[in-house]
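To keep things clear, I will list the structure first and then write my remarks on it.
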Amino acid sequence: MCYSADGASASSKIPERQLLPTNVKPTNYNLTLNPNFETFKFDGNVVISLDIQETSSSITINSLEIDVIKSTLKVDDGAPVEPVTTTFNKDDTTVTFEFKDEFKKGSKAVLDIEYVGLLNDKLAGFYRSKYTDDNGVTKYLATTQMEPADARRAFPGFDEPALKATYDITLIHDKNLTALSNMDVKETRPLDNDKVATVFNTTPVMSSYLVAFIVGEFNYVESNLFRVPVRVYTTPGLESRAQFSADLGAKTLAFFEKTFDVKYPLPKMDMIGIHDFSAGAMENWGLVTYRVVDLLFDEKNDSAATKQRVAEVVQHELAHQWFGDLVTMEWWDGLWLNEGFATWMSWFSCNEFYPDWRVWETYVGDTLQSSLGLDALRSSHPIEVPVSKADEINQIFDAISYSKGSSVLKMLANYLGEDNFIKGISDYLKLHKYSNTKTEDLWNALENASGKNVSAVMNTWTKKVGFPVVSVEEDGDKITVTQNRFLNTGDPTPAEDETIYPINLALRTKDGIDETILLENRTATITVKDPSFFKLNGDQAGIYRVKYSPERVSKLAKSADLLSVEDRMGLVADARALASSGYSKTSAFLELINGWKNESEPNVWDSVLGNYASVKRAWLFQPKDINEALKKLQASLVENKSLELGWEIKPQDGLLLQQLKANLYSAAVGAEIPSFIDDALAKFKNYSAGNENAIDPNLRGAVFRAAGKYGGKEAFDKLLSIYHKKSSVEGLTAVRSLGYSTDKDLRAKALNFTLDGTIRTQDVSYIFAPFSTTTESIEQVWSWFKENWDKLSEIYPASLGLLARVVGGASAGFSTKEQLADFEAFFKDKDTKGYDQTLANTKDRLHAYISWTERDSKDVEAWLTSRGYLERDAKL
C-alpha cells in the first residue's frame, strides 16, 4: 500500500483502480468442472452470457494459471466464431480475445471457453486439500477460496465484486464422492467410468468471490431449528463434533432474519470444515468454508475459549450472508462494510445467545484493543483505504477493516441508539439487496432511520487514519480535555495531528454515565459536580485513549468498585499504551496492576496479563536480572489468586471462570513457579501414558507449553504425533508448543517443518509463535529465516498473503536497534510487493519498542527494586 509520510492516505498518488474494460457485462455463467486427484488438474468449461455495452471487437476477462484450450463467441443468433488472437497478460491476470468482426452495442453474446486449470496446493482458487483417514490412507478433496481475487484461478471470468451474475454450476466426480456448491442439487446424472454429474440450481445474482464448489468424501449432521436445512459437513470421523455449529447456525439465521427483517434467500445453508484453509472461514453464499478448528466443537474435549471462538466465527460468517453476500461492497476499498459489520454482528448475536459470556466486556480487550494497537502505527491506513490492484487487496484484511470497522459501528450504535441502528441496517439491506454499495449508502440509510447527520460524524472515522489520545487537566471542579493524534511512538508531527475526531466523552461519575458531552474541537472545558471521582470513556465505547495525571490514575485504581469491568479493562490497556508511547511512565502501569492482585473479574485479569506480556516482550533483550525480576512480578501477580481459585475446572464453572482459572494457571507456568511446572509435567506424563482425561482442555495450552519447554525429545515427538493425529485445537496447541524447547536442535527441527511439508501451510504461524519468547529463539528464527528465504518465498507466495505471515512471525520478537538495522538491510533489495504493509508495521513497532526501552529502562529498574522484585545496591 502507498501512504504519505504523515500517515494520511496518499490516495492522490495511487493510480486509478485496475478494472476490466466495460464494453461487455456478464449476466450468467454456466460452469462445468471435473477435478482429477491424480494429475491435480481440472477440466473446465465456462459459458458466459454477456450484454454488449459498447460496440467493440475484443473481450478481456480475468484468468490466472489457466490454459485455454478453445474459445468461441456467439453474438445474438449468429454462428460461433473463434478469436483471431488470444493474449494473456500475466501482470494484470487477464486474457483478451480479439475477434475479426465487431459486435454491436445492445447485442446479446455467449462466450464459450474450454480450459484446463491447476488444482493447486496454495489454498487459493480451486485447490486441493490433503488429509489422512482413520486407516492412515492419504486422501484429497477439492475446494475453493475465491476471496479476494482468486475466482480467476478457477474459471476465466469477470472477477470484480460489482460485476454480479447468476451461476449454473455442474461438478463431475466419482459417484462415491459428495459435490457441494452455493445452491441445492437440481439433479444428478450418471456418466461413464463410475462418474456422475451433479447439477446445481441457478444462484441469485452474486459476486464472483462468493462462488464455491467442493468435491470430496463427506458426512454431515443437520439441524432442523431453521426453516431451511442447515448442515455441517466434515470428512468422515469428525461429524460427531459438528452438531454445536449446526444448531447454532440455524438459530443464528433465524435471529438475523428477525433482526434484519429480511429473509435468508437461499434454499439451504451448508457449512464445511476444510483441512487446509488460508483464513479462519469464508462466507461463500450458502456454502461457508471453515478451518476445521473454527467450525467443530467437542463439549467434552475442547476448551471454553474454543467454544467462544467457534461461536464467534460461525455467527460472523452467517452475518455475511446478508451483509456482504446479499448486499456487497462495490470495490475493495469498502471491505470494511463487509468485515466490520460481520464482526460487530457476531458480538451482537453472541450476546443474544450467551448473555452469561458478557461478550461486550471481551470486546473491549479483544476487538477494540486490536484496533487501537494497529491504528497507533504510523503505517496504519484509513478504514476506507484506496486499493487499485488485485495484488494489494490481501493486505487490507487486517485489524483496521475488521476491528476498527466493528468498533466504529459499535460507537455509532451507541450514538444512534440500538433500535435506530438496526432499523437503518434493515432499510439498507432492503434497498440494496442483490446489488453493490458504497459507505455513503449505509450512512444515508442510518440518517433516515435516526434523523441524525451520520455522515458528518462518521466520515472522519472512516476516511481518516488514526485515533486520538484525550489529555485531562484538572482545576477544582473544572476539567480541560485536549485531543491529539495518538501514535505508539508518541511523536506526531503537526501534519499528522491535523484531524479533529468527533468524540463522545461518556463522562462517568457516581451518578452514572453522561452520554451527552461531545468533543468536536481540539479542546474543551467541562464542569464535574463531584471531582472526587470521574472517568472519561465510560464503558470504553469510544475509540480513543485517555491520559490522566498520575494522581488521578491512583485515585481511579483505588476506586475500582465504582468502575465497570469495561472501565477497569480500559484503564489497564490505556496505562500500558501510554507508557509504551512515552505519554507516561511504565512504572505507573506496573504500579496499577501490582495493586490489583485481588481482582475477581476474568476479563480484567485478561487485560492485566495481556498488557503485562507486552512489557515483558519489549524488555526481553534487557539485562537478565531485570527479566528475572519481571518473572517474579508475574508470579506475585498470579500465584495466590490461582491457588485461591484452584485450577480444577468444575461442571458448575461458567465459561468466564473456566477461562480465568486457565489464564492464571498458564501465567503461573509462564512465570516458572516450580510447583505449577511440576503439576503441568505430571499431567502431561499421565496423558502420554494413555490417560486422555489427564489434562483438562482449558489447561492444555499451559501443559503442552511446559512439556515442549522442559520435556526434551520425548515430549517433542509426542507433541508432533498429537498434531498429526488430532484435526482439532488440540493438535494445533501441540504443534505451537514445539518451539518452546530449550534444545536449539529441536527448535531448528520445528522450524524446518515449515519447509518439508510436515506441517500444513495454513499452520505456519503456530510454529513461529513460541520463537518470540526468548532471546535465543528470536535470534535463531531470524538467522534461519534469512538462510531459507528462497525456499520460504516459493512455498508461501507473497501474492496470496502467506509470505506476510512468515515475515511477521520471524520478526515478531524484535526490539533492538541492531535488529531493526538487520531487518531493513535484508529487505533492501527484495521485491516486497504483497507484504510491504507487514514490513512497514514491523518497523513502526520496532521504533516504538526501541524508544520505550531506552526511555524507561531505568524507571522500570527503579520500580522493580523499590518493590522488592530486584536486588540493587541502594546507591544505585
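If you're wondering about the labels, chains in the C-alpha cells are A, B, ... by order shown, residues count from 1 in each chain, ligands from 1 in order shown.
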* To do: Enumerate, as a PyMOL selection string, the complete set of residues in region 38-287 of chain A that a backbone-based DSSP assignment places in alpha helix (DSSP H).
  => chain A and resi 243-260
May I have the residues from that selection written out with C-alpha atoms, as a CSV table (one decimal), in the first residue's frame?
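Written output follows (selection.csv):
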chain,number,residue,atom,x,y,z
A,243,GLN,CA,-23.8,-30.6,16.0
A,244,PHE,CA,-23.0,-27.5,18.1
A,245,SER,CA,-22.3,-25.4,15.0
A,246,ALA,CA,-25.3,-26.8,13.1
A,247,ASP,CA,-27.7,-25.8,15.8
A,248,LEU,CA,-26.0,-22.5,16.5
A,249,GLY,CA,-26.1,-21.8,12.7
A,250,ALA,CA,-29.8,-22.5,12.5
A,251,LYS,CA,-30.6,-20.3,15.5
A,252,THR,CA,-28.3,-17.5,14.2
A,253,LEU,CA,-30.0,-17.5,10.7
A,254,ALA,CA,-33.4,-17.2,12.4
A,255,PHE,CA,-32.2,-14.4,14.7
A,256,PHE,CA,-30.7,-12.4,11.7
A,257,GLU,CA,-33.9,-12.9,9.7
A,258,LYS,CA,-35.9,-11.4,12.5
A,259,THR,CA,-33.3,-8.7,13.3
A,260,PHE,CA,-32.9,-7.5,9.7
* For region 210-227 of chain A, work out the shell of residues within 7 Å, counting only C-alpha atoms and skipping chain neighbours fewer than 5 positions away, then give it as an MDAnalysis selection string. => chainID A and resid 141:144 146 177:182 232:236 239 242:243 246:247 250:251 254 284:285 287
* Asked: Can you list, as a ChimeraX atom specification, every residue of region 135-184 of chain A that DSSP puts in strand (DSSP E)?
  -> /A:138-145,166-174,178-181
Report the closest atom pair, with its distance in Å rounded to one decimal, for each residue of region 717-787 of chain A that has an atom no farther than 10 Å from region 303-325 of chain A; count only C-alpha atoms, sort by chain and then rising residue number, and write it as CSV.
residue,atom,partner,partner_atom,distance
A:Ser728,CA,A:Thr306,CA,10.0
A:Val729,CA,A:Thr306,CA,7.6
A:Glu730,CA,A:Ser303,CA,9.5
* Nearest to Glu38 (chain A) among A:Ile850, A:Leu442, A:Ile722, A:Leu118, with distances taken over only C-alpha atoms: which residue is it? ->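 Under the stated criterion, the closest residue is A:Leu118.
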* To do: Could you check how far CA of Glu330 (chain A) sits from CA of Asp51 (chain A), in Å to one decimal?
  => 19.6 Å
* Record the distance separating CA of Val764 (chain A) and CA of Val806 (chain A), expressed in Å with one decimal. =>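 Computing the Euclidean distance for CA of Val764 (chain A) and CA of Val806 (chain A) yields 7.1 Å.
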* To do: Would you list the contacts of Gly670 (chain A) as a list in words, taking every protein, DNA or RNA residue within 9 Å and counting only C-alpha atoms, but skipping same-chain residues closer than 5 positions in sequence?
  =>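 Within the cut-off, the hits are Lys631, Gln634, Ala635, Tyr665, Ile677, Ala702, Arg705 and Ala706 of chain A.
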Dump as a PDB file, in the first residue's frame, selection limited to N, CA and C atoms:
ATOM      1  N   LYS A 631       9.715 -11.766  35.833  1.00  0.00           N
ATOM      2  CA  LYS A 631       9.084 -13.062  36.092  1.00  0.00           C
ATOM      3  C   LYS A 631       8.574 -13.139  37.528  1.00  0.00           C
ATOM      4  N   GLN A 634       5.394 -11.288  37.766  1.00  0.00           N
ATOM      5  CA  GLN A 634       4.292 -12.080  37.211  1.00  0.00           C
ATOM      6  C   GLN A 634       3.854 -13.157  38.190  1.00  0.00           C
ATOM      7  N   ALA A 635       4.817 -13.813  38.812  1.00  0.00           N
ATOM      8  CA  ALA A 635       4.486 -14.838  39.807  1.00  0.00           C
ATOM      9  C   ALA A 635       3.710 -14.231  40.969  1.00  0.00           C
ATOM     10  N   TYR A 665      -3.424 -20.127  35.640  1.00  0.00           N
ATOM     11  CA  TYR A 665      -2.552 -21.300  35.647  1.00  0.00           C
ATOM     12  C   TYR A 665      -1.459 -21.152  34.585  1.00  0.00           C
ATOM     13  N   ILE A 677       4.912 -25.818  37.363  1.00  0.00           N
ATOM     14  CA  ILE A 677       5.588 -26.568  36.303  1.00  0.00           C
ATOM     15  C   ILE A 677       5.535 -28.066  36.605  1.00  0.00           C
ATOM     16  N   ALA A 702      -1.183 -24.531  28.559  1.00  0.00           N
ATOM     17  CA  ALA A 702      -0.114 -24.380  29.548  1.00  0.00           C
ATOM     18  C   ALA A 702       0.655 -25.679  29.737  1.00  0.00           C
ATOM     19  N   ARG A 705       2.788 -26.416  26.670  1.00  0.00           N
ATOM     20  CA  ARG A 705       3.913 -25.475  26.637  1.00  0.00           C
ATOM     21  C   ARG A 705       5.009 -25.936  27.599  1.00  0.00           C
ATOM     22  N   ALA A 706       4.624 -26.330  28.782  1.00  0.00           N
ATOM     23  CA  ALA A 706       5.613 -26.817  29.755  1.00  0.00           C
ATOM     24  C   ALA A 706       6.303 -28.064  29.234  1.00  0.00           C
TER      25      ALA A 706
END
* To do: Skip Asp76 (chain A) itself and residues of its chain fewer than 6 positions away, then list as a list in words all residues within 8 Å of it, counting only C-alpha atoms.
  =>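 The residues that qualify are Ser107, Lys108 and Ala109 of chain A.
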